[in-house]
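Peer 1: Quick one, work37.cif (mmCIF, C-alpha atoms):
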```cif
data_query
loop_
_atom_site.group_PDB
_atom_site.id
_atom_site.type_symbol
_atom_site.label_atom_id
_atom_site.label_comp_id
_atom_site.auth_asym_id
_atom_site.auth_seq_id
_atom_site.Cartn_x
_atom_site.Cartn_y
_atom_site.Cartn_z
ATOM 1 C CA LEU D 112 33.405 -38.539 4.032
ATOM 2 C CA GLU D 113 34.080 -34.977 5.150
ATOM 3 C CA ASN D 114 33.883 -35.769 8.844
ATOM 4 C CA GLU D 115 37.120 -37.248 10.161
ATOM 5 C CA HIS D 116 35.046 -39.393 12.523
ATOM 6 C CA PRO D 117 31.699 -40.249 10.862
ATOM 7 C CA ILE D 118 28.883 -40.783 13.362
ATOM 8 C CA LEU D 119 27.364 -44.199 13.940
ATOM 9 C CA LEU D 120 23.940 -43.970 15.594
ATOM 10 C CA ASP D 121 22.244 -46.975 17.174
ATOM 11 C CA PRO D 122 18.829 -45.750 18.403
ATOM 12 C CA PHE D 123 18.041 -49.116 20.046
ATOM 13 C CA ALA D 124 21.493 -49.921 21.365
ATOM 14 C CA GLY D 125 20.674 -52.989 23.471
ATOM 15 C CA SER D 126 23.857 -54.611 24.735
ATOM 16 C CA GLY D 127 26.114 -52.360 22.618
ATOM 17 C CA THR D 128 27.415 -54.791 20.003
ATOM 18 C CA ILE D 129 27.002 -52.328 17.126
ATOM 19 C CA LEU D 130 28.656 -49.552 19.145
ATOM 20 C CA VAL D 131 31.675 -51.762 19.803
ATOM 21 C CA GLU D 132 31.953 -52.514 16.091
ATOM 22 C CA GLY D 133 31.751 -48.784 15.402
ATOM 23 C CA MET D 134 34.665 -48.127 17.739
ATOM 24 C CA LEU D 135 36.709 -50.792 15.987
ATOM 25 C CA GLN D 136 36.142 -48.781 12.789
ATOM 26 C CA GLY D 137 37.198 -45.541 14.508
ATOM 27 C CA LEU D 138 33.760 -43.895 14.318
ATOM 28 C CA ASP D 139 32.087 -41.441 16.650
ATOM 29 C CA ILE D 140 29.275 -43.410 18.279
ATOM 30 C CA VAL D 141 25.882 -42.546 19.747
ATOM 31 C CA GLY D 142 23.852 -45.202 21.515
ATOM 32 C CA ILE D 143 20.297 -44.676 22.768
ATOM 33 C CA ASP D 144 18.134 -47.061 24.760
ATOM 34 C CA VAL D 145 15.158 -46.733 27.070
ATOM 35 C CA ASN D 146 16.338 -49.652 29.211
ATOM 36 C CA PRO D 147 18.748 -48.676 32.050
ATOM 37 C CA LEU D 148 20.345 -52.130 31.937
ATOM 38 C CA ALA D 149 21.095 -51.703 28.231
ATOM 39 C CA VAL D 150 22.718 -48.329 28.944
ATOM 40 C CA LEU D 151 24.830 -49.908 31.699
ATOM 41 C CA LEU D 152 26.026 -52.627 29.315
ATOM 42 C CA CYS D 153 26.800 -50.080 26.589
ATOM 43 C CA LYS D 154 28.840 -47.956 28.975
ATOM 44 C CA ALA D 155 30.666 -51.006 30.323
ATOM 45 C CA LYS D 156 31.582 -52.150 26.807
ATOM 46 C CA THR D 157 32.610 -48.781 25.358
ATOM 47 C CA THR D 158 34.540 -47.279 28.281
ATOM 48 C CA ILE D 159 38.318 -47.476 27.935
ATOM 49 C CA ILE D 160 39.891 -48.910 31.089
ATOM 50 C CA ASP D 161 43.601 -49.317 31.694
ATOM 51 C CA PRO D 162 44.237 -53.071 31.319
ATOM 52 C CA GLU D 163 46.613 -53.314 34.267
ATOM 53 C CA SER D 164 44.148 -51.472 36.485
ATOM 54 C CA LEU D 165 41.363 -53.841 35.433
ATOM 55 C CA LYS D 166 43.546 -56.842 36.238
ATOM 56 C CA ARG D 167 44.370 -55.442 39.700
ATOM 57 C CA HIS D 168 40.747 -54.695 40.490
ATOM 58 C CA THR D 169 39.754 -58.176 39.312
ATOM 59 C CA ILE D 170 42.168 -59.769 41.791
ATOM 60 C CA THR D 171 40.931 -57.426 44.515
ATOM 61 C CA ILE D 172 37.256 -58.199 44.026
ATOM 62 C CA LYS D 173 37.887 -61.942 44.011
ATOM 63 C CA ASP D 174 39.750 -61.580 47.310
ATOM 64 C CA GLU D 175 36.900 -59.463 48.692
ATOM 65 C CA VAL D 176 34.348 -62.098 47.668
ATOM 66 C CA LYS D 177 36.344 -64.786 49.486
ATOM 67 C CA LYS D 178 36.552 -62.585 52.577
ATOM 68 C CA LEU D 179 32.817 -61.826 52.573
ATOM 69 C CA SER D 180 32.000 -65.494 52.018
ATOM 70 C CA LYS D 181 33.430 -66.210 55.478
ATOM 71 C CA THR D 182 31.406 -63.525 57.247
ATOM 72 C CA LYS D 183 27.725 -62.937 57.909
ATOM 73 C CA ILE D 184 26.461 -60.257 55.566
ATOM 74 C CA VAL D 185 23.145 -58.468 55.190
ATOM 75 C CA LYS D 186 21.296 -60.130 52.340
ATOM 76 C CA HIS D 187 19.685 -57.950 49.731
ATOM 77 C CA SER D 188 15.910 -58.298 49.560
ATOM 78 C CA PHE D 189 12.887 -57.160 47.564
ATOM 79 C CA ALA D 190 9.270 -58.258 47.220
ATOM 80 C CA GLY D 191 9.073 -61.735 45.719
ATOM 81 C CA ILE D 192 12.801 -62.448 45.865
ATOM 82 C CA GLU D 193 12.200 -65.979 47.192
ATOM 83 C CA LYS D 194 10.123 -66.736 44.095
ATOM 84 C CA TRP D 195 12.844 -65.809 41.630
ATOM 85 C CA PHE D 196 15.950 -66.972 43.499
ATOM 86 C CA THR D 197 16.892 -69.885 45.715
ATOM 87 C CA ALA D 198 18.214 -69.222 49.226
ATOM 88 C CA GLN D 199 21.744 -70.093 48.051
ATOM 89 C CA ALA D 200 21.505 -67.735 45.074
ATOM 90 C CA ILE D 201 20.276 -64.908 47.314
ATOM 91 C CA SER D 202 23.217 -65.451 49.658
ATOM 92 C CA ASP D 203 25.805 -65.653 46.873
ATOM 93 C CA LEU D 204 24.433 -62.663 44.956
ATOM 94 C CA SER D 205 24.378 -60.602 48.139
ATOM 95 C CA ILE D 206 28.054 -61.384 48.693
ATOM 96 C CA LEU D 207 28.879 -60.386 45.126
ATOM 97 C CA ARG D 208 26.844 -57.177 45.383
ATOM 98 C CA ASN D 209 28.570 -56.156 48.604
ATOM 99 C CA ALA D 210 31.974 -56.827 47.048
ATOM 100 C CA ILE D 211 31.199 -54.789 43.936
ATOM 101 C CA ILE D 212 29.976 -51.691 45.775
ATOM 102 C CA LYS D 213 33.271 -51.552 47.675
ATOM 103 C CA ASP D 214 35.106 -50.645 44.458
ATOM 104 C CA ASN D 215 35.382 -46.850 44.170
ATOM 105 C CA ASP D 216 36.243 -46.745 40.453
ATOM 106 C CA ILE D 217 32.912 -46.233 38.687
ATOM 107 C CA ASP D 218 34.175 -47.437 35.303
ATOM 108 C CA ILE D 219 35.448 -50.706 36.727
ATOM 109 C CA ARG D 220 32.371 -51.009 38.939
ATOM 110 C CA ARG D 221 30.201 -50.841 35.808
ATOM 111 C CA PHE D 222 32.332 -53.598 34.281
ATOM 112 C CA PHE D 223 31.678 -55.736 37.367
ATOM 113 C CA TRP D 224 27.952 -54.926 37.335
ATOM 114 C CA ALA D 225 27.728 -56.077 33.721
ATOM 115 C CA THR D 226 29.264 -59.396 34.741
ATOM 116 C CA PHE D 227 26.954 -59.562 37.754
ATOM 117 C CA CYS D 228 23.925 -59.124 35.481
ATOM 118 C CA GLU D 229 24.970 -62.120 33.416
ATOM 119 C CA VAL D 230 25.196 -64.225 36.559
ATOM 120 C CA VAL D 231 21.834 -63.026 37.890
ATOM 121 C CA ARG D 232 20.158 -64.179 34.683
ATOM 122 C CA ILE D 233 21.773 -67.602 34.866
ATOM 123 C CA VAL D 234 21.047 -68.362 38.541
ATOM 124 C CA SER D 235 17.509 -66.965 38.649
ATOM 125 C CA ASN D 236 14.434 -69.195 38.671
ATOM 126 C CA SER D 237 13.232 -67.629 35.436
ATOM 127 C CA ARG D 238 13.052 -69.847 32.363
ATOM 128 C CA ASP D 239 15.899 -69.329 29.892
ATOM 129 C CA CYS D 240 13.725 -69.920 26.828
ATOM 130 C CA THR D 241 11.778 -66.650 27.048
ATOM 131 C CA TYR D 242 12.393 -62.963 27.686
ATOM 132 C CA LYS D 243 9.240 -62.799 29.799
ATOM 133 C CA LEU D 244 9.425 -63.653 33.481
ATOM 134 C CA HIS D 245 8.126 -67.206 33.665
ATOM 135 C CA ILE D 246 9.073 -69.336 36.638
ATOM 136 C CA LYS D 247 10.808 -72.660 36.076
ATOM 137 C CA GLU D 248 9.181 -75.913 37.108
ATOM 138 C CA GLN D 249 9.865 -76.676 40.769
ATOM 139 C CA SER D 250 11.697 -79.861 39.804
ATOM 140 C CA ASP D 251 14.069 -77.796 37.636
ATOM 141 C CA ILE D 252 14.625 -75.328 40.474
ATOM 142 C CA ASP D 253 15.327 -78.124 42.972
ATOM 143 C CA SER D 254 17.819 -79.844 40.641
ATOM 144 C CA TYR D 255 19.639 -76.678 39.605
ATOM 145 C CA ASP D 256 23.246 -76.707 40.801
ATOM 146 C CA LYS D 257 24.703 -73.432 39.490
ATOM 147 C CA HIS D 258 26.708 -71.401 42.020
ATOM 148 C CA ALA D 259 26.689 -67.643 41.531
ATOM 149 C CA ILE D 260 30.113 -66.962 43.055
ATOM 150 C CA GLU D 261 31.858 -69.563 40.915
ATOM 151 C CA LEU D 262 29.974 -68.354 37.846
ATOM 152 C CA PHE D 263 30.923 -64.752 38.576
ATOM 153 C CA SER D 264 34.608 -65.608 38.773
ATOM 154 C CA LYS D 265 34.579 -67.548 35.499
ATOM 155 C CA THR D 266 32.408 -65.002 33.691
ATOM 156 C CA LEU D 267 34.568 -62.136 34.926
ATOM 157 C CA ASP D 268 37.730 -63.834 33.632
ATOM 158 C CA PHE D 269 36.014 -64.367 30.262
ATOM 159 C CA ASN D 270 34.854 -60.736 30.089
ATOM 160 C CA VAL D 271 38.300 -59.431 31.042
ATOM 161 C CA ASP D 272 39.875 -61.501 28.264
ATOM 162 C CA LYS D 273 37.315 -60.145 25.773
ATOM 163 C CA TYR D 274 37.986 -56.583 26.899
ATOM 164 C CA LEU D 275 41.769 -57.008 26.639
ATOM 165 C CA TYR D 276 41.364 -58.269 23.066
ATOM 166 C CA PHE D 277 39.118 -55.291 22.278
ATOM 167 C CA TYR D 278 41.534 -52.837 23.903
ATOM 168 C CA ASN D 279 44.610 -54.271 22.178
ATOM 169 C CA THR D 280 42.832 -54.224 18.824
ATOM 170 C CA LEU D 281 41.888 -50.564 19.258
ATOM 171 C CA ARG D 282 45.409 -49.646 20.287
ATOM 172 C CA SER D 283 47.181 -51.616 17.557
ATOM 173 C CA THR D 284 44.998 -50.000 14.888
ATOM 174 C CA GLY D 285 45.526 -46.460 16.178
ATOM 175 C CA LYS D 286 42.012 -45.972 17.562
ATOM 176 C CA LEU D 287 43.313 -44.927 21.003
ATOM 177 C CA ASN D 288 45.449 -41.921 21.913
ATOM 178 C CA LYS D 289 49.214 -42.369 22.220
ATOM 179 C CA ASN D 290 49.243 -43.486 25.864
ATOM 180 C CA GLY D 291 46.210 -45.723 25.366
ATOM 181 C CA SER D 292 44.072 -44.000 27.979
ATOM 182 C CA SER D 293 41.173 -42.881 25.784
ATOM 183 C CA TYR D 294 39.359 -43.446 22.499
ATOM 184 C CA ARG D 295 40.219 -41.046 19.671
ATOM 185 C CA GLY D 296 36.601 -40.720 18.604
ATOM 186 C CA LYS D 297 33.645 -39.454 20.595
ATOM 187 C CA ILE D 298 31.155 -41.501 22.568
ATOM 188 C CA LYS D 299 27.680 -40.661 23.814
ATOM 189 C CA ILE D 300 25.383 -43.138 25.545
ATOM 190 C CA VAL D 301 21.861 -41.863 26.185
ATOM 191 C CA LEU D 302 19.185 -43.260 28.493
ATOM 192 C CA GLY D 303 15.800 -42.429 27.014
ATOM 193 C CA ASP D 304 13.375 -42.669 24.133
ATOM 194 C CA SER D 305 15.225 -42.495 20.811
ATOM 195 C CA ILE D 306 12.489 -40.604 18.938
ATOM 196 C CA LYS D 307 12.220 -37.923 21.621
ATOM 197 C CA TYR D 308 15.995 -37.590 21.758
ATOM 198 C CA LEU D 309 16.394 -37.266 18.003
ATOM 199 C CA ASN D 310 13.565 -34.728 17.784
ATOM 200 C CA HIS D 311 15.088 -32.750 20.637
ATOM 201 C CA THR D 312 18.542 -32.616 19.064
ATOM 202 C CA LYS D 313 17.197 -32.245 15.529
ATOM 203 C CA GLN D 314 19.676 -34.979 14.604
ATOM 204 C CA LYS D 315 22.641 -32.792 15.571
ATOM 205 C CA PHE D 316 24.539 -34.749 18.168
ATOM 206 C CA ASP D 317 26.313 -32.919 20.968
ATOM 207 C CA LEU D 318 28.908 -35.590 21.556
ATOM 208 C CA ILE D 319 30.875 -35.907 24.783
#
```
So, in terms of structure tokens, how does the structure I just supplied come out?
Peer 2:
Amino acid sequence: LENEHPILLDPFAGSGTILVEGMLQGLDIVGIDVNPLAVLLCKAKTTIIDPESLKRHTITIKDEVKKLSKTKIVKHSFAGIEKWFTAQAISDLSILRNAIIKDNDIDIRRFFWATFCEVVRIVSNSRDCTYKLHIKEQSDIDSYDKHAIELFSKTLDFNVDKYLYFYNTLRSTGKLNKNGSSYRGKIKIVLGDSIKYLNHTKQKFDLI
């Protein structure tokens, strides 16, 4: 190939799995998705974060969650929230949300939001067997014993370990710059309709 960094385009990027694989191959990557959550996940997975900084922020947010758990906080609310979440889930998720927004590093905050999204899905009253929003049976809701704060801590540790493996693999194979602070290729994540974007750019990607 003439291009030192061939371009990998995923026009329906979803959670970013293909983009991550492209980075592991040292490619320039372009991900497009109309879903804002998908774009968030793609950015969280493809952004290079200093491992030591991520570890420090992880300790800090866990401490912040413990601190907020002992205080009365303003619970987040929206129409129908009581239908989709139990009172305990609303309380726990509000604590987690308030802890996350205290972090001023947007890259790490995205990483935390991605973890938060996983927890929201697990503790919601929506059935797991479908992508559509269908409420669980009341008996299933009443017997459900998942705790969002505990789940967040465990999921965050798991995601940090996955990221560290990803980071170390990129660095050991020469896909990062010498000090390990950035990816050698180019990355562009686009929120929008893939057809409109491709027609607008005429398939010439202005990578950033």
Peer 1: Could the residues of stretch 120-230 of chain D that have an atom at most 8 Å from stretch 284-306 of chain D be listed as a Markdown table, each with its closest atom pair and the distance in Å to one decimal, counting only C-alpha atoms and ordered by chain and ascending residue number?
Peer 2:
```
| residue | atom | partner | partner_atom | distance |
| --- | --- | --- | --- | --- |
| D:Pro122 | CA | D:Ser305 | CA | 5.4 |
| D:Phe123 | CA | D:Ser305 | CA | 7.2 |
| D:Met134 | CA | D:Lys286 | CA | 7.7 |
| D:Leu135 | CA | D:Lys286 | CA | 7.3 |
| D:Gly137 | CA | D:Lys286 | CA | 5.7 |
| D:Leu138 | CA | D:Gly296 | CA | 6.0 |
| D:Asp139 | CA | D:Lys297 | CA | 4.7 |
| D:Ile140 | CA | D:Ile298 | CA | 5.1 |
| D:Val141 | CA | D:Lys299 | CA | 4.8 |
| D:Gly142 | CA | D:Ile300 | CA | 4.8 |
| D:Ile143 | CA | D:Val301 | CA | 4.7 |
| D:Asp144 | CA | D:Leu302 | CA | 5.4 |
| D:Val145 | CA | D:Gly303 | CA | 4.4 |
| D:Asn146 | CA | D:Leu302 | CA | 7.0 |
| D:Pro147 | CA | D:Leu302 | CA | 6.5 |
| D:Val150 | CA | D:Leu302 | CA | 6.2 |
| D:Cys153 | CA | D:Ile300 | CA | 7.2 |
| D:Lys154 | CA | D:Ile300 | CA | 6.9 |
| D:Thr157 | CA | D:Ile298 | CA | 7.9 |
| D:Ile159 | CA | D:Ser293 | CA | 5.8 |
| D:Ile160 | CA | D:Ser292 | CA | 7.2 |
| D:Asp161 | CA | D:Ser292 | CA | 6.5 |
```
Peer 1: Could those residues be written to a file, using C-alpha atoms, as an mmCIF file, in the frame of the given file?
Peer 2:
```
data_model
loop_
_atom_site.group_PDB
_atom_site.id
_atom_site.type_symbol
_atom_site.label_atom_id
_atom_site.label_comp_id
_atom_site.auth_asym_id
_atom_site.auth_seq_id
_atom_site.Cartn_x
_atom_site.Cartn_y
_atom_site.Cartn_z
ATOM 1 C CA PRO D 122 18.829 -45.750 18.403
ATOM 2 C CA PHE D 123 18.041 -49.116 20.046
ATOM 3 C CA MET D 134 34.665 -48.127 17.739
ATOM 4 C CA LEU D 135 36.709 -50.792 15.987
ATOM 5 C CA GLY D 137 37.198 -45.541 14.508
ATOM 6 C CA LEU D 138 33.760 -43.895 14.318
ATOM 7 C CA ASP D 139 32.087 -41.441 16.650
ATOM 8 C CA ILE D 140 29.275 -43.410 18.279
ATOM 9 C CA VAL D 141 25.882 -42.546 19.747
ATOM 10 C CA GLY D 142 23.852 -45.202 21.515
ATOM 11 C CA ILE D 143 20.297 -44.676 22.768
ATOM 12 C CA ASP D 144 18.134 -47.061 24.760
ATOM 13 C CA VAL D 145 15.158 -46.733 27.070
ATOM 14 C CA ASN D 146 16.338 -49.652 29.211
ATOM 15 C CA PRO D 147 18.748 -48.676 32.050
ATOM 16 C CA VAL D 150 22.718 -48.329 28.944
ATOM 17 C CA CYS D 153 26.800 -50.080 26.589
ATOM 18 C CA LYS D 154 28.840 -47.956 28.975
ATOM 19 C CA THR D 157 32.610 -48.781 25.358
ATOM 20 C CA ILE D 159 38.318 -47.476 27.935
ATOM 21 C CA ILE D 160 39.891 -48.910 31.089
ATOM 22 C CA ASP D 161 43.601 -49.317 31.694
#
```
Peer 1: So, with only C-alpha atoms as the atoms that count, which of D:Ile129, D:Ala259, D:Ile172, D:Leu281 lies closest to D:Asn215?
Peer 2: D:Ile172
Peer 1: Carefully work through the PyMOL selection byres ((chain D and resi 176-188) around 12) for this structure and note down the residues it includes, as a count of residues only.
Peer 2: 37
Peer 1: So which residues touch stretch 222-230 of chain D within 6 Å, counting only C-alpha atoms, skipping near sequence neighbours fewer than 2 positions away, as a list of chain:residue names?
Peer 2: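 Contacts, with the query itself left out: D:Leu152, D:Ala155, D:Ile219, D:Arg220, D:Arg232, D:Ile233, D:Leu267.
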Peer 1: Step by step, work through what the PyMOL selection byres ((chain D and resi 271) around 10) selects in the shown file, and finish by giving those residues as number ranges by chain.
Peer 2: D: 162, 165-166, 169, 222-223, 226, 265-270, 272-277
Peer 1: Calculated over all atoms listed in the file, which of the candidates D:Lys307, D:Thr280, D:Thr197, D:Ser126 has the smallest distance to D:Asp253?
Peer 2: D:Thr197
